[in-house]
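Pasting start.txt here (compact mmCIF, C-alpha atoms and all ligand atoms):
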# COMPACT_ATOMS: atom_id res chain seq x y z
CA MET Q 1 110.41 112.33 119.49
CA SER Q 2 112.90 111.77 116.72
CA ALA Q 3 115.82 109.70 115.52
CA PRO Q 4 119.12 110.40 117.21
CA SER Q 5 120.65 111.95 114.15
CA THR Q 6 117.78 114.17 113.08
CA THR Q 7 115.93 116.93 114.86
CA ARG Q 8 116.12 116.66 118.64
CA PRO Q 9 119.65 116.12 119.87
CA ALA Q 10 118.37 115.91 123.48
CA ALA Q 11 116.68 112.56 122.80
CA PRO Q 12 118.92 109.57 123.52
CA PRO Q 13 119.56 107.30 120.53
CA GLY Q 14 116.55 105.24 119.56
CA ARG Q 15 114.33 106.75 122.27
CA ILE Q 16 111.15 108.60 121.47
CA MET Q 17 110.61 111.68 123.62
CA ALA Q 18 107.66 111.49 125.96
CA THR Q 19 105.40 114.16 124.53
CA PRO Q 20 101.74 113.40 123.78
CA LEU Q 21 100.82 112.92 120.14
CA SER Q 22 97.52 113.60 118.53
CA SER Q 23 96.05 112.67 115.20
CA ALA Q 24 93.14 114.02 113.18
CA THR Q 25 91.26 112.81 110.16
CA VAL Q 26 91.77 115.03 107.13
CA ALA Q 27 89.83 115.20 103.89
CA TRP Q 28 92.01 114.21 100.96
CA TYR Q 29 91.04 115.75 97.68
CA ARG Q 30 92.79 113.81 94.97
CA ALA Q 31 94.62 116.75 93.48
CA ARG Q 32 97.84 114.79 93.09
CA GLY Q 33 98.31 111.51 91.23
CA ASP Q 34 100.18 108.36 92.22
CA ARG Q 35 103.44 109.65 90.75
CA TRP Q 36 103.47 112.71 93.01
CA LEU Q 37 102.55 110.61 96.04
CA ARG Q 38 105.25 108.00 95.32
CA GLU Q 39 107.83 110.72 94.79
CA HIS Q 40 107.08 112.63 97.99
CA ALA Q 41 106.29 109.78 100.36
CA ALA Q 42 108.70 108.75 103.12
CA VAL Q 43 106.98 105.38 103.00
CA THR Q 44 104.59 103.67 100.55
CA TRP Q 45 102.62 100.44 100.83
CA GLU Q 46 100.60 99.19 97.85
CA ARG Q 47 98.53 96.06 97.35
CA PRO Q 48 97.38 96.51 93.74
CA SER Q 49 95.22 93.37 93.60
CA ARG Q 50 93.35 94.46 96.76
CA GLY Q 51 92.93 98.09 95.64
CA LEU Q 52 94.93 99.29 98.64
CA GLN Q 53 97.42 102.16 98.52
CA ILE Q 54 99.02 103.86 101.51
CA PHE Q 55 101.33 106.89 101.22
CA GLY Q 56 103.06 108.39 104.25
CA ILE Q 57 104.00 112.00 103.46
CA GLY Q 58 106.40 113.85 105.75
CA VAL Q 59 107.59 112.63 109.12
CA ALA Q 60 105.83 113.32 112.42
CA VAL Q 61 108.08 110.92 114.36
CA ARG Q 62 111.07 108.89 113.30
CA ALA Q 63 112.94 106.66 115.76
CA ALA Q 64 115.93 104.56 114.82
CA GLY Q 65 118.49 102.28 116.40
CA PRO Q 66 122.05 101.25 115.57
CA ARG Q 67 122.89 98.28 113.37
CA GLY Q 68 123.49 96.03 116.37
CA GLU Q 69 119.78 96.24 117.28
CA GLY Q 70 117.00 94.30 115.60
CA PHE Q 71 113.22 94.13 115.30
CA ALA Q 72 112.67 93.71 119.07
CA ALA Q 73 113.77 97.34 119.58
CA ALA Q 74 111.46 98.47 116.75
CA ARG Q 75 108.57 96.61 118.39
CA ASP Q 76 109.22 98.41 121.70
CA ALA Q 77 109.36 101.80 119.96
CA VAL Q 78 106.08 101.14 118.09
CA THR Q 79 104.38 99.93 121.29
CA ASP Q 80 105.54 103.09 123.09
CA LEU Q 81 104.26 105.33 120.29
CA LEU Q 82 100.91 103.53 120.11
CA ARG Q 83 100.45 104.05 123.84
CA ARG Q 84 101.01 107.79 123.48
CA LEU Q 85 98.83 108.36 120.43
CA ASP Q 86 95.62 110.09 121.29
CA VAL Q 87 93.21 108.71 118.68
CA ASP Q 88 89.55 109.52 118.30
CA ALA Q 89 87.80 106.14 117.95
CA SER Q 90 85.72 107.38 115.02
CA ALA Q 91 88.71 108.78 113.15
CA VAL Q 92 90.86 107.20 110.45
CA ARG Q 93 93.55 105.36 112.38
CA PRO Q 94 97.14 106.57 112.05
CA LEU Q 95 99.55 103.85 110.91
CA ILE Q 96 103.02 103.38 112.34
CA PHE Q 97 105.56 101.85 109.96
CA ALA Q 98 108.53 99.77 111.10
CA GLY Q 99 111.38 97.99 109.37
CA ALA Q 100 114.50 96.20 110.51
CA SER Q 101 117.64 94.61 109.16
CA PHE Q 102 117.83 90.88 108.52
CA ASP Q 103 120.46 90.12 111.17
CA PRO Q 104 121.69 92.64 113.75
CA GLY Q 105 124.67 90.35 114.47
CA ALA Q 106 125.92 90.27 110.87
CA PRO Q 107 129.18 91.92 109.79
CA ARG Q 108 128.69 95.42 108.30
CA ARG Q 109 130.13 95.39 104.81
CA ASP Q 110 128.20 98.05 102.89
CA PRO Q 111 128.20 101.67 104.18
CA ALA Q 112 125.06 102.35 102.14
CA TRP Q 113 123.06 100.56 104.86
CA GLU Q 114 124.33 102.80 107.68
CA VAL Q 115 121.62 105.42 107.08
CA PHE Q 116 118.93 102.76 107.71
CA GLY Q 117 120.55 101.54 110.94
CA GLY Q 118 119.35 98.34 112.60
CA TRP Q 119 115.70 99.40 112.67
CA GLN Q 120 113.46 102.39 112.09
CA VAL Q 121 109.96 103.37 113.16
CA LEU Q 122 108.09 106.04 111.25
CA LEU Q 123 104.86 107.88 111.97
CA PRO Q 124 104.11 109.95 108.85
CA ALA Q 125 102.89 113.51 109.26
CA ILE Q 126 100.11 112.82 106.76
CA THR Q 127 98.99 109.35 105.73
CA ILE Q 128 96.86 109.03 102.61
CA ILE Q 129 94.95 105.76 102.28
CA ARG Q 130 93.03 104.50 99.27
CA GLU Q 131 90.79 101.46 99.72
CA GLY Q 132 89.00 100.75 96.46
CA GLU Q 133 87.36 104.02 95.46
CA ARG Q 134 87.55 105.47 98.96
CA TRP Q 135 90.32 107.92 99.86
CA SER Q 136 90.98 109.01 103.42
CA GLY Q 137 93.75 110.75 105.28
CA VAL Q 138 95.08 111.21 108.77
CA ALA Q 139 97.43 113.92 110.02
CA CYS Q 140 99.69 113.56 113.05
CA ALA Q 141 101.34 116.39 114.94
CA GLY Q 142 105.04 115.88 115.45
CA ASP Q 143 108.50 117.22 114.83
CA PHE Q 144 108.26 117.54 111.06
CA PRO Q 145 111.99 117.14 110.57
CA ALA Q 146 113.47 118.68 107.45
CA PRO Q 147 114.00 116.15 104.66
CA GLU Q 148 117.37 114.44 104.85
CA ASP Q 149 119.24 114.13 101.60
CA GLU Q 150 122.42 112.40 102.60
CA SER Q 151 122.72 109.12 100.70
CA ALA Q 152 125.49 106.70 99.89
CA ALA Q 153 125.55 104.72 96.66
CA PRO Q 154 125.44 100.98 97.36
CA GLY Q 155 128.99 99.63 97.40
CA ASP Q 156 130.63 96.71 95.68
CA THR Q 157 130.21 93.40 97.41
CA ALA Q 158 130.93 89.77 96.72
CA PRO Q 159 131.56 88.65 93.14
CA HIS Q 160 129.41 86.00 91.49
CA ASP Q 161 132.05 83.22 91.94
CA SER Q 162 132.01 83.52 95.68
CA LEU Q 163 128.25 82.93 95.75
CA ALA Q 164 128.67 79.70 93.75
CA ASN Q 165 131.39 78.60 96.20
CA ALA Q 166 129.23 79.56 99.19
CA ILE Q 167 126.34 77.45 97.90
CA ALA Q 168 128.61 74.44 97.29
CA GLU Q 169 130.09 74.83 100.79
CA ALA Q 170 126.59 75.06 102.34
CA VAL Q 171 125.52 71.84 100.60
CA ARG Q 172 128.65 70.14 102.03
CA GLU Q 173 127.95 71.41 105.55
CA ILE Q 174 124.31 70.31 105.37
CA ARG Q 175 125.32 66.84 104.19
CA GLU Q 176 127.76 66.66 107.13
CA GLY Q 177 124.72 67.24 109.38
CA ARG Q 178 125.72 70.69 110.68
CA TYR Q 179 122.28 72.14 109.89
CA GLU Q 180 119.28 71.26 107.71
CA LYS Q 181 118.66 74.33 105.56
CA VAL Q 182 120.22 77.70 104.86
CA VAL Q 183 119.06 80.50 102.55
CA LEU Q 184 121.96 82.10 100.71
CA ALA Q 185 121.58 85.32 98.77
CA GLY Q 186 123.42 87.33 96.17
CA SER Q 187 123.21 90.89 94.95
CA ARG Q 188 123.85 92.86 91.78
CA LEU Q 189 124.69 96.53 91.29
CA VAL Q 190 122.91 98.20 88.36
CA PRO Q 191 123.05 101.81 87.13
CA LEU Q 192 119.78 103.71 87.35
CA ASP Q 193 120.31 105.73 84.15
CA GLY Q 194 117.82 108.37 85.22
CA VAL Q 195 115.16 105.91 86.44
CA THR Q 196 113.55 107.35 89.59
CA VAL Q 197 111.82 105.88 92.65
CA PRO Q 198 108.29 106.61 91.33
CA ASP Q 199 109.23 105.00 87.99
CA VAL Q 200 110.36 101.82 89.73
CA LEU Q 201 107.31 101.68 92.03
CA ALA Q 202 104.92 102.12 89.08
CA ARG Q 203 106.67 99.32 87.18
CA LEU Q 204 106.64 96.99 90.21
CA VAL Q 205 102.91 97.61 90.69
CA ALA Q 206 102.26 96.76 87.02
CA ALA Q 207 104.53 93.69 86.97
CA PHE Q 208 103.64 92.18 90.37
CA PRO Q 209 100.03 93.18 91.17
CA THR Q 210 99.51 90.40 93.72
CA CYS Q 211 102.62 91.36 95.71
CA CYS Q 212 103.10 94.02 98.36
CA VAL Q 213 104.92 96.88 96.65
CA PHE Q 214 106.59 99.05 99.27
CA SER Q 215 109.21 101.76 99.69
CA PHE Q 216 110.93 103.16 102.75
CA ARG Q 217 113.15 106.23 102.56
CA ALA Q 218 116.07 106.97 104.87
CA GLY Q 219 118.39 109.87 104.16
CA GLY Q 220 118.47 110.20 100.38
CA SER Q 221 118.27 106.41 99.85
CA THR Q 222 115.19 104.29 99.24
CA TRP Q 223 114.62 100.67 100.09
CA LEU Q 224 111.89 99.23 97.90
CA GLY Q 225 110.52 96.03 96.47
CA ALA Q 226 107.61 93.80 95.51
CA SER Q 227 107.38 91.18 98.24
CA PRO Q 228 105.37 88.02 97.55
CA GLU Q 229 105.77 86.88 101.16
CA PRO Q 230 103.49 88.11 103.94
CA LEU Q 231 105.13 87.50 107.33
CA ALA Q 232 102.14 88.21 109.58
CA ALA Q 233 98.97 90.27 109.29
CA ALA Q 234 96.32 90.95 111.96
CA ALA Q 235 92.77 92.26 111.63
CA ALA Q 236 90.31 92.25 114.54
CA GLY Q 237 92.37 89.63 116.36
CA ARG Q 238 92.60 87.21 113.40
CA VAL Q 239 96.16 86.49 112.32
CA GLU Q 240 97.28 85.38 108.86
CA LEU Q 241 100.71 83.80 108.41
CA VAL Q 242 102.29 82.32 105.30
CA SER Q 243 104.87 79.71 104.43
CA LEU Q 244 106.43 80.46 101.04
CA ALA Q 245 109.41 78.35 99.98
CA GLY Q 246 110.22 76.06 97.08
CA SER Q 247 110.40 77.50 93.57
CA ARG Q 248 110.28 76.85 89.82
CA ARG Q 249 110.41 79.27 86.89
CA ARG Q 250 107.19 80.08 85.00
CA GLY Q 251 106.86 78.23 81.70
CA ALA Q 252 106.84 80.06 78.37
CA SER Q 253 103.67 78.20 77.30
CA PRO Q 254 100.67 77.07 79.40
CA ASP Q 255 101.72 73.42 78.92
CA LEU Q 256 105.30 74.02 80.05
CA ASP Q 257 104.02 76.11 82.96
CA ARG Q 258 101.74 73.28 84.13
CA GLN Q 259 104.63 70.83 83.76
CA LEU Q 260 106.87 73.01 85.94
CA GLU Q 261 104.04 73.37 88.48
CA ALA Q 262 103.62 69.59 88.64
CA GLU Q 263 107.39 69.21 89.04
CA LEU Q 264 107.36 71.73 91.90
CA LEU Q 265 104.47 70.00 93.69
CA GLY Q 266 106.04 66.59 93.16
CA SER Q 267 109.60 67.40 94.21
CA SER Q 268 110.52 65.88 97.57
CA LYS Q 269 113.41 68.38 97.83
CA GLU Q 270 111.10 71.41 97.39
CA ARG Q 271 108.44 69.87 99.67
CA TRP Q 272 111.03 69.37 102.42
CA GLU Q 273 112.33 72.93 102.05
CA HIS Q 274 108.73 74.15 102.32
CA ARG Q 275 107.73 71.86 105.19
CA LEU Q 276 110.60 73.17 107.34
CA VAL Q 277 109.09 76.66 107.05
CA VAL Q 278 105.56 75.47 107.94
CA GLU Q 279 106.86 73.62 110.99
CA ALA Q 280 108.97 76.54 112.18
CA ILE Q 281 106.01 78.94 111.87
CA LEU Q 282 103.74 76.58 113.82
CA ARG Q 283 106.38 76.15 116.53
CA GLU Q 284 107.33 79.84 116.85
CA ALA Q 285 103.85 81.35 116.52
CA GLY Q 286 102.13 78.65 118.58
CA GLU Q 287 102.44 80.44 121.94
CA LEU Q 288 101.14 83.74 120.57
CA VAL Q 289 98.49 82.60 118.10
CA GLY Q 290 95.85 80.04 119.08
CA GLY Q 291 93.79 77.66 116.95
CA LEU Q 292 96.28 77.58 114.08
CA GLN Q 293 94.75 76.15 110.91
CA PHE Q 294 96.35 75.33 107.59
CA PRO Q 295 95.79 73.05 104.62
CA SER Q 296 97.65 69.74 104.76
CA GLU Q 297 99.02 70.18 101.23
CA PRO Q 298 100.74 73.28 99.84
CA SER Q 299 99.30 75.05 96.81
CA VAL Q 300 101.22 77.07 94.20
CA MET Q 301 101.57 80.86 94.13
CA LYS Q 302 102.26 82.11 90.61
CA LEU Q 303 104.09 85.39 89.99
CA ALA Q 304 105.11 86.87 86.63
CA ASN Q 305 108.52 85.19 86.60
CA ILE Q 306 108.39 82.42 89.20
CA GLN Q 307 106.08 80.01 91.08
CA HIS Q 308 106.35 79.02 94.73
CA LEU Q 309 104.95 76.43 97.11
CA TYR Q 310 102.52 78.27 99.36
CA THR Q 311 100.74 77.40 102.62
CA PRO Q 312 98.47 79.97 104.31
CA ILE Q 313 98.22 79.57 108.11
CA SER Q 314 95.65 81.39 110.23
CA GLY Q 315 94.67 81.68 113.88
CA ARG Q 316 93.61 84.07 116.63
CA LEU Q 317 95.92 86.29 118.71
CA GLU Q 318 96.18 85.07 122.30
CA PRO Q 319 95.24 87.63 125.00
CA GLY Q 320 98.18 89.95 125.69
CA ALA Q 321 100.00 89.13 122.46
CA SER Q 322 100.39 91.64 119.64
CA LEU Q 323 101.08 91.41 115.92
CA LEU Q 324 104.51 92.91 116.64
CA ASP Q 325 105.27 90.08 119.08
CA VAL Q 326 104.39 87.57 116.36
CA VAL Q 327 106.67 89.29 113.83
CA GLU Q 328 109.51 89.43 116.35
CA ARG Q 329 109.12 85.73 117.14
CA LEU Q 330 108.84 84.54 113.53
CA HIS Q 331 111.72 86.49 112.02
CA PRO Q 332 113.76 85.07 110.40
CA THR Q 333 111.71 82.10 109.22
CA PRO Q 334 113.57 79.29 107.44
CA ALA Q 335 112.24 80.80 104.16
CA VAL Q 336 114.94 83.48 104.48
CA GLY Q 337 117.28 82.20 107.23
CA GLY Q 338 117.34 78.44 107.55
CA TRP Q 339 116.99 75.71 110.14
CA PRO Q 340 118.02 75.38 112.95
CA ARG Q 341 118.04 79.17 113.14
CA PRO Q 342 121.33 79.79 115.06
CA ALA Q 343 123.40 77.47 112.84
CA ALA Q 344 121.80 78.90 109.69
CA LEU Q 345 122.51 82.50 110.75
CA ASP Q 346 126.07 81.52 111.52
CA ALA Q 347 126.42 79.96 108.04
CA ILE Q 348 125.01 83.10 106.37
CA ARG Q 349 127.49 85.30 108.29
CA ARG Q 350 130.41 83.05 107.32
CA LEU Q 351 129.54 82.12 103.75
CA GLU Q 352 127.57 84.91 102.14
CA GLN Q 353 130.29 87.61 101.94
CA MET Q 354 127.69 90.33 101.48
CA ASP Q 355 125.83 92.83 103.63
CA ARG Q 356 122.11 91.97 103.53
CA GLY Q 357 121.17 95.15 105.35
CA TRP Q 358 117.36 95.19 105.34
CA TYR Q 359 117.06 92.56 102.59
CA ALA Q 360 114.89 89.70 103.96
CA GLY Q 361 114.14 91.74 107.10
CA PRO Q 362 110.59 92.44 108.36
CA ILE Q 363 108.82 95.57 107.15
CA GLY Q 364 105.24 96.72 107.69
CA TRP Q 365 102.84 98.77 109.78
CA ALA Q 366 100.65 98.56 112.87
CA ASP Q 367 97.73 100.71 114.03
CA PRO Q 368 96.29 101.59 117.46
CA ALA Q 369 93.54 98.93 117.14
CA GLY Q 370 96.19 96.17 116.90
CA ASP Q 371 95.68 95.62 113.17
CA GLY Q 372 98.56 95.69 110.74
CA GLU Q 373 100.58 93.86 108.15
CA PHE Q 374 104.24 92.87 107.89
CA VAL Q 375 105.97 91.28 104.91
CA VAL Q 376 109.42 89.84 104.37
CA GLY Q 377 111.65 92.31 102.49
CA LEU Q 378 112.20 90.09 99.43
CA ARG Q 379 112.54 90.92 95.71
CA THR Q 380 114.02 94.21 96.81
CA ALA Q 381 116.52 96.89 95.85
CA LEU Q 382 118.39 99.68 97.61
CA LEU Q 383 118.41 102.86 95.52
CA GLY Q 384 121.01 105.50 96.33
CA GLY Q 385 122.95 107.97 94.18
CA ALA Q 386 122.81 106.80 90.57
CA ALA Q 387 122.72 103.05 91.27
CA ALA Q 388 120.56 100.31 92.70
CA ARG Q 389 121.67 97.15 94.45
CA LEU Q 390 119.30 94.23 93.89
CA TYR Q 391 119.02 91.27 96.26
CA ALA Q 392 117.72 87.70 95.95
CA GLY Q 393 118.32 84.34 97.58
CA ALA Q 394 117.40 80.66 97.48
CA GLY Q 395 116.94 77.93 100.06
CA ILE Q 396 119.73 75.32 100.17
CA VAL Q 397 119.03 71.81 101.52
CA ALA Q 398 120.91 68.48 101.36
CA ASP Q 399 119.50 67.61 97.92
CA SER Q 400 120.30 71.00 96.38
CA THR Q 401 122.28 71.19 93.16
CA PRO Q 402 124.50 74.30 93.46
CA ALA Q 403 124.05 75.21 89.75
CA ALA Q 404 120.24 75.08 90.03
CA GLU Q 405 120.22 77.25 93.19
CA LEU Q 406 122.53 79.79 91.56
CA ASP Q 407 120.25 79.79 88.53
CA GLU Q 408 117.23 80.48 90.78
CA ILE Q 409 119.00 83.45 92.39
CA GLU Q 410 120.12 84.81 89.00
CA SER Q 411 116.61 84.52 87.56
CA LYS Q 412 115.13 86.41 90.55
CA LEU Q 413 117.78 89.13 90.09
CA ASP Q 414 117.10 89.24 86.33
CA ALA Q 415 113.37 89.76 86.93
CA LEU Q 416 114.08 92.70 89.22
CA ARG Q 417 116.69 94.16 86.88
CA GLY Q 418 114.23 93.87 83.98
CA VAL Q 419 111.76 96.02 85.90
CA ILE Q 420 114.26 98.57 87.19
CA THR Q 421 116.46 99.18 84.15
CA ARG Q 422 114.16 98.66 81.18
C1 LIG D 501 114.96 84.24 99.73
C2 LIG D 501 114.14 84.46 98.71
O1 LIG D 501 113.03 83.69 98.45
C3 LIG D 501 112.49 82.83 99.44
C4 LIG D 501 111.03 82.87 99.28
C5 LIG D 501 110.37 82.01 98.42
C6 LIG D 501 111.06 80.94 97.85
C7 LIG D 501 112.34 80.64 98.20
C8 LIG D 501 113.06 79.49 97.62
O2 LIG D 501 112.42 78.68 96.93
O3 LIG D 501 114.27 79.34 97.83
C9 LIG D 501 113.05 81.42 99.25
O4 LIG D 501 112.91 80.69 100.43
C10 LIG D 501 114.35 85.57 97.75
O5 LIG D 501 113.55 85.69 96.82
O6 LIG D 501 115.30 86.35 97.91

Do you think you could lay out the structure here as structure tokens?
Ligand SMILES: C=C(O[C@H]1C=CC=C(C(=O)O)[C@@H]1O)C(=O)O
Amino acid sequence: MSAPSTTRPAAPPGRIMATPLSSATVAWYRARGDRWLREHAAVTWERPSRGLQIFGIGVAVRAAGPRGEGFAAARDAVTDLLRRLDVDASAVRPLIFAGASFDPGAPRRDPAWEVFGGWQVLLPAITIIREGERWSGVACAGDFPAPEDESAAPGDTAPHDSLANAIAEAVREIREGRYEKVVLAGSRLVPLDGVTVPDVLARLVAAFPTCCVFSFRAGGSTWLGASPEPLAAAAAGRVELVSLAGSRRRGASPDLDRQLEAELLGSSKERWEHRLVVEAILREAGELVGGLQFPSEPSVMKLANIQHLYTPISGRLEPGASLLDVVERLHPTPAVGGWPRPAALDAIRRLEQMDRGWYAGPIGWADPAGDGEFVVGLRTALLGGAAARLYAGAGIVADSTPAAELDEIESKLDALRGVITR
């Protein structure tokens, strides 16, 4: 019932032991504030603009797989757990969290990611949920492994120059017709100077209230971020998907901001980059989600530092398909990988010179009723030891100007650094 390296050595790696699991609704008296919850949670999931907060305290079950395995293995582990959970229909539903690396086939360059492995599935011992003014809780019996405190500080990776060269090389390869789009990312190591996980989460919630602010702890390290990009969400059989790609900075004045928005909506380069994501989602999700509907024109999603082209897509899960199947099929969309997918992944492995780990990977939760929500792990940082490594990328297409793409990546990293180190 646990990860290979934690409490039950008899369990083979990645397998969950076949014992029954039960859950019970618990009353949660709000004796502890957000800071305590964020500090003690193995996993947090906050949607400030929707009044939703979820804190998973302690671990009933943790399963994990090696770095060569991806989200498909996480999906199987969640499905297995859901089957074994004995849930009273009237009770608060337990939530099972899952996360995975971006690319299980990528070279491993940063030992700090080893503690996360290729994927992890986590059933918290106690899950505290706030929806608006309503607090509820659910407790799950399990192994209750002792907290792990082993963590590795994120290592040094590629210097800035190599990212500029990688972008220029990608533009050349795209113009030669080798692929149509690739998303290249960079990272930056920053000292934490005493800033803690609850500090960072509180700042992300304040700075990015419309995003999904999450954290996931493994060993003594924490993977966290404020993702603007839902990957797939399901509620009562309805599925919501999103295409988010194409960016401009926010303007310093309302006039400049509107001008940048008009530029974004009018740019054929940004529209093409965005359209590739819409088409890939329709193609990949089509077999699993019926009656897909979406507006013919993208709108603009505005965040504190940046604005993006945005197309919401919705439909209904086909019989036999699950939210986890949809996530597995969609990842990685061309918003974080590229198109065609195999050539884009190959380009990222060759050109990027960095270890993405879980950056741009899927992360989220599912419940026994089939509901759940997964986002793309963007605008994220890995905190370990006294440092944080920040990650951000940008979509490269034939019309890209390398300097502008590098500028977009730098400005995303600056926004995150401003929140973490201020
Ligand atoms: C890959 C990232 O952003 C993606 C999501 C929105 C807009 C993007 C863009 O315009 O390039 C990227 O596709 C990132 O922030 O690390």

Set out as a Markdown table a contact list for chain Q and ligand LIG 501 (chain D) with a cut-off of 8 Å, giving each residue of chain Q that qualifies its closest atom pair and distance in Å to one decimal, counting only C-alpha atoms and all ligand atoms, ordered by chain and rising residue number.
| residue | atom | partner | partner_atom | distance |
| --- | --- | --- | --- | --- |
| Q:Val183 | CA | D:LIG501 | C1 | 6.2 |
| Q:Leu184 | CA | D:LIG501 | C1 | 7.4 |
| Q:Ala185 | CA | D:LIG501 | O6 | 6.4 |
| Q:Pro228 | CA | D:LIG501 | C4 | 7.8 |
| Q:Glu229 | CA | D:LIG501 | C4 | 6.9 |
| Q:Leu244 | CA | D:LIG501 | C5 | 5.0 |
| Q:Ala245 | CA | D:LIG501 | C6 | 3.7 |
| Q:Gly246 | CA | D:LIG501 | O2 | 3.4 |
| Q:Ser247 | CA | D:LIG501 | O2 | 4.1 |
| Q:Arg248 | CA | D:LIG501 | O2 | 7.6 |
| Q:Glu270 | CA | D:LIG501 | O2 | 7.4 |
| Q:Glu273 | CA | D:LIG501 | O2 | 7.7 |
| Q:His274 | CA | D:LIG501 | O2 | 7.9 |
| Q:His308 | CA | D:LIG501 | C6 | 6.0 |
| Q:Leu309 | CA | D:LIG501 | C6 | 7.6 |
| Q:Pro334 | CA | D:LIG501 | O4 | 7.2 |
| Q:Ala335 | CA | D:LIG501 | O4 | 3.8 |
| Q:Val336 | CA | D:LIG501 | C1 | 4.8 |
| Q:Tyr359 | CA | D:LIG501 | O6 | 8.0 |
| Q:Ala360 | CA | D:LIG501 | C1 | 6.9 |
| Q:Leu378 | CA | D:LIG501 | O6 | 5.1 |
| Q:Arg379 | CA | D:LIG501 | O5 | 5.4 |
| Q:Tyr391 | CA | D:LIG501 | O6 | 6.4 |
| Q:Ala392 | CA | D:LIG501 | O6 | 3.4 |
| Q:Gly393 | CA | D:LIG501 | O6 | 3.6 |
| Q:Ala394 | CA | D:LIG501 | O3 | 3.4 |
| Q:Gly395 | CA | D:LIG501 | O3 | 3.8 |
| Q:Ile396 | CA | D:LIG501 | O3 | 7.2 |
| Q:Glu405 | CA | D:LIG501 | O3 | 7.8 |
| Q:Glu408 | CA | D:LIG501 | O3 | 7.7 |
| Q:Ile409 | CA | D:LIG501 | O6 | 7.3 |
| Q:Lys412 | CA | D:LIG501 | O5 | 6.5 |

Measuring atom to atom with only C-alpha atoms, identify which of Q:Ile363, Q:Leu260, Q:Ala234, Q:Ala100 is nearest to Val43 (chain Q).
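When distances to Val43 (chain Q) are compared using only C-alpha atoms, the smallest one comes from Q:Ile363.
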
Could you work out how far CA of Gly286 (chain Q) lies from CA of Val327 (chain Q), giving the answer in Å with one decimal?
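Distance between the two atoms: 12.5 Å.
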
Long-range neighbours of Arg329 (chain Q) as an MDAnalysis selection string, 7 Å cut-off, all atoms listed in the file, 2 positions minimum in chain
chainID Q and resid 284:285 325:327 331

Select, counting only C-alpha atoms, all protein, DNA and RNA residues no farther than 12 Å from (103.4, 106.2, 110.6) in file coordinates, and express the selection as a PyMOL selection string.
chain Q and resi 21+23+41-45+54-63+77-78+81-82+85+93-99+120-129+137-142+216+364-368+372

Between CA of Ala91 (chain Q) and CA of Arg50 (chain Q), what is the distance, to one decimal in Å?
22.3 Å

Go through Q:Pro111, Q:Pro340, Q:Gly320, Q:Gly177 one by one, measure the shortest atom-to-atom distance of each to Leu382 (chain Q) using all atoms listed in the file, and give the residue with the smallest value.
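So, comparing all the options, the nearest one is Q:Pro111.
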
Name the residues, using the chain letters and numbers of the file, that sit within 12 Å of (122.3, 70.2, 106.8) when counting all atoms listed in the file, and give them as a PyMOL selection string.
chain Q and resi 169-183+273+338-341+343-344+347+395-400

Test item: residues at most 6 Å from Ala233 (chain Q), all atoms listed in the file, excluding those fewer than 5 positions along its chain, as a PyMOL selection string
chain Q and resi 239-240+372-373

Between CA of Ile420 (chain Q) and CA of Thr210 (chain Q), what is the distance in Å, rounded to a tenth?
18.1 Å

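For the choices Q:Gly70, Q:Pro312, Q:Pro209, Q:Pro104, the atom-to-atom distance to Gln53 (chain Q) is smallest for Q:Pro209 when using all atoms listed in the file.
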
May I ask which of the residues Q:Ala262, Q:Ile313, Q:Ile167, Q:Leu276 is the closest one to Val300 (chain Q), counting all atoms listed in the file?
Q:Ala262

Which is closest to Gly225 (chain Q) among Q:Phe294, Q:Phe208, Q:Trp36, Q:Phe71, if we use only C-alpha atoms?
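Of Q:Phe294, Q:Phe208, Q:Trp36, Q:Phe71, the one nearest Gly225 (chain Q), counting only C-alpha atoms, is Q:Phe208.
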
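Counting all atoms listed in the file and comparing Q:Arg258, Q:Leu52, Q:Gly33, Q:Ala166, the residue that lies closest to Arg349 (chain Q) is Q:Ala166.
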
Should you be able to, write region 46-52 of chain Q of this structure into a file that contains N, CA and C atoms, as a short mmCIF file (atom, residue, chain, number, x, y, z; two decimals), in the first residue's frame.
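Output (part_32.cif):
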data_model
loop_
_atom_site.label_atom_id
_atom_site.label_comp_id
_atom_site.auth_asym_id
_atom_site.auth_seq_id
_atom_site.Cartn_x
_atom_site.Cartn_y
_atom_site.Cartn_z
N GLU Q 46 -5.52 24.90 -4.46
CA GLU Q 46 -6.33 26.07 -4.13
C GLU Q 46 -6.77 26.80 -5.39
N ARG Q 47 -8.04 27.15 -5.42
CA ARG Q 47 -8.64 27.91 -6.51
C ARG Q 47 -9.23 29.16 -5.87
N PRO Q 48 -8.39 30.18 -5.59
CA PRO Q 48 -8.87 31.33 -4.81
C PRO Q 48 -10.13 31.96 -5.39
N SER Q 49 -10.19 32.14 -6.72
CA SER Q 49 -11.35 32.84 -7.28
C SER Q 49 -12.63 32.02 -7.19
N ARG Q 50 -12.51 30.72 -6.95
CA ARG Q 50 -13.72 29.88 -6.79
C ARG Q 50 -14.01 29.56 -5.33
N GLY Q 51 -13.18 30.09 -4.42
CA GLY Q 51 -13.38 29.82 -2.99
C GLY Q 51 -13.11 28.37 -2.63
N LEU Q 52 -12.26 27.70 -3.40
CA LEU Q 52 -11.96 26.29 -3.13
C LEU Q 52 -10.55 26.14 -2.56
#
